[in-house]
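Here's the structure we're looking at; comments come further down.
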Amino acid sequence: MTAFSKYDIVVVKFPFASSLKYKARPAVVLSSSTYNSESRNSLIILAISSQISTKLEMEFEIVDWKFSGLLKPSVFKSSVATIDRDVVLTKLGELSHQDSQKLEKMLTLMC
């Protein structure tokens with residue numbers, strides 16, 4: 001089983017509403033290493049999108065997107081989910097310190 005840490009960038013299977021098909025979408029792990037090692041089989045994630053033009057005021061752009069393993073300039077979306085580990089396809093990288101601070105600021109605004 002792959003070990004995940006807070007601020008890891010992962011690719012998850014995002015299902016279509018009425019289909020067995022899915023799209024691969026990036027997300028950032030929000031759950032702590034303790035949660036990730038002790039939880040039954042789940043991770044808490046936040047969605048990432050390359051649709052920067054549609055971002056909300058409280059959503060932040062990822063500055064070091066290449067460092068994180070993302071393919072395009074991207075934004076943290078204000079969509080949090082708990083997922084099963086088996087929908088994670090791969091780990092791309094991790095957030096830079098600067099981007100993890102931006103994410104924490106965004107979470108403070110959201111919660």
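Every chain in the structure tokens takes a letter, A first, then B, and so on in the order presented; its residues are numbered from 1, and the ligands are numbered from 1 following the presented order.
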(message) Using only C-alpha atoms, which protein or nucleic acid residues come within 7 Å of A:Val10? Drop anything in the same chain fewer than 6 positions from it, and give the result as JSON, numbers by chain.
(response) {"A": [26, 27, 28, 88, 90, 91, 92]}
(request) Could you jot down the atom CA of A:Lys55 to atom CA of A:Ser79 separation for me, Å, one decimal place? (result)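 These two atoms are separated by 11.6 Å.
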(request) Return the single residue from A:Leu95, A:Val75, A:Val63, A:Val80 that is closest to A:Leu43, with distances computed using only C-alpha atoms. (result)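 Of the candidates, the smallest distance to A:Leu43 is held by A:Val80.
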(message) What's the separation between atom CA of A:Cys111 and atom CA of A:Glu94, in Å to one decimal place?
(response)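 According to the coordinates, atom CA of A:Cys111 and atom CA of A:Glu94 are separated by 22.8 Å.
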(request) Pick out the closest residue to A:His97 from this set: A:Tyr7, A:Phe60, A:Phe14, A:Tyr22. Count only C-alpha atoms. (result)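 Under the stated criterion, the closest residue is A:Tyr7.
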(message) I'd like to know which of A:Lys72, A:Lys105, A:Asp99, A:Ser31 is closest to A:Leu46, using only C-alpha atoms.
(response)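 Between A:Lys72, A:Lys105, A:Asp99, A:Ser31, the residue approaching A:Leu46 most closely is A:Ser31.
Shortest separation to A:Met106 among A:Leu89, A:Ala81, A:Met58, A:Leu71 occurs at residue A:Met58, atoms counted being only C-alpha atoms.
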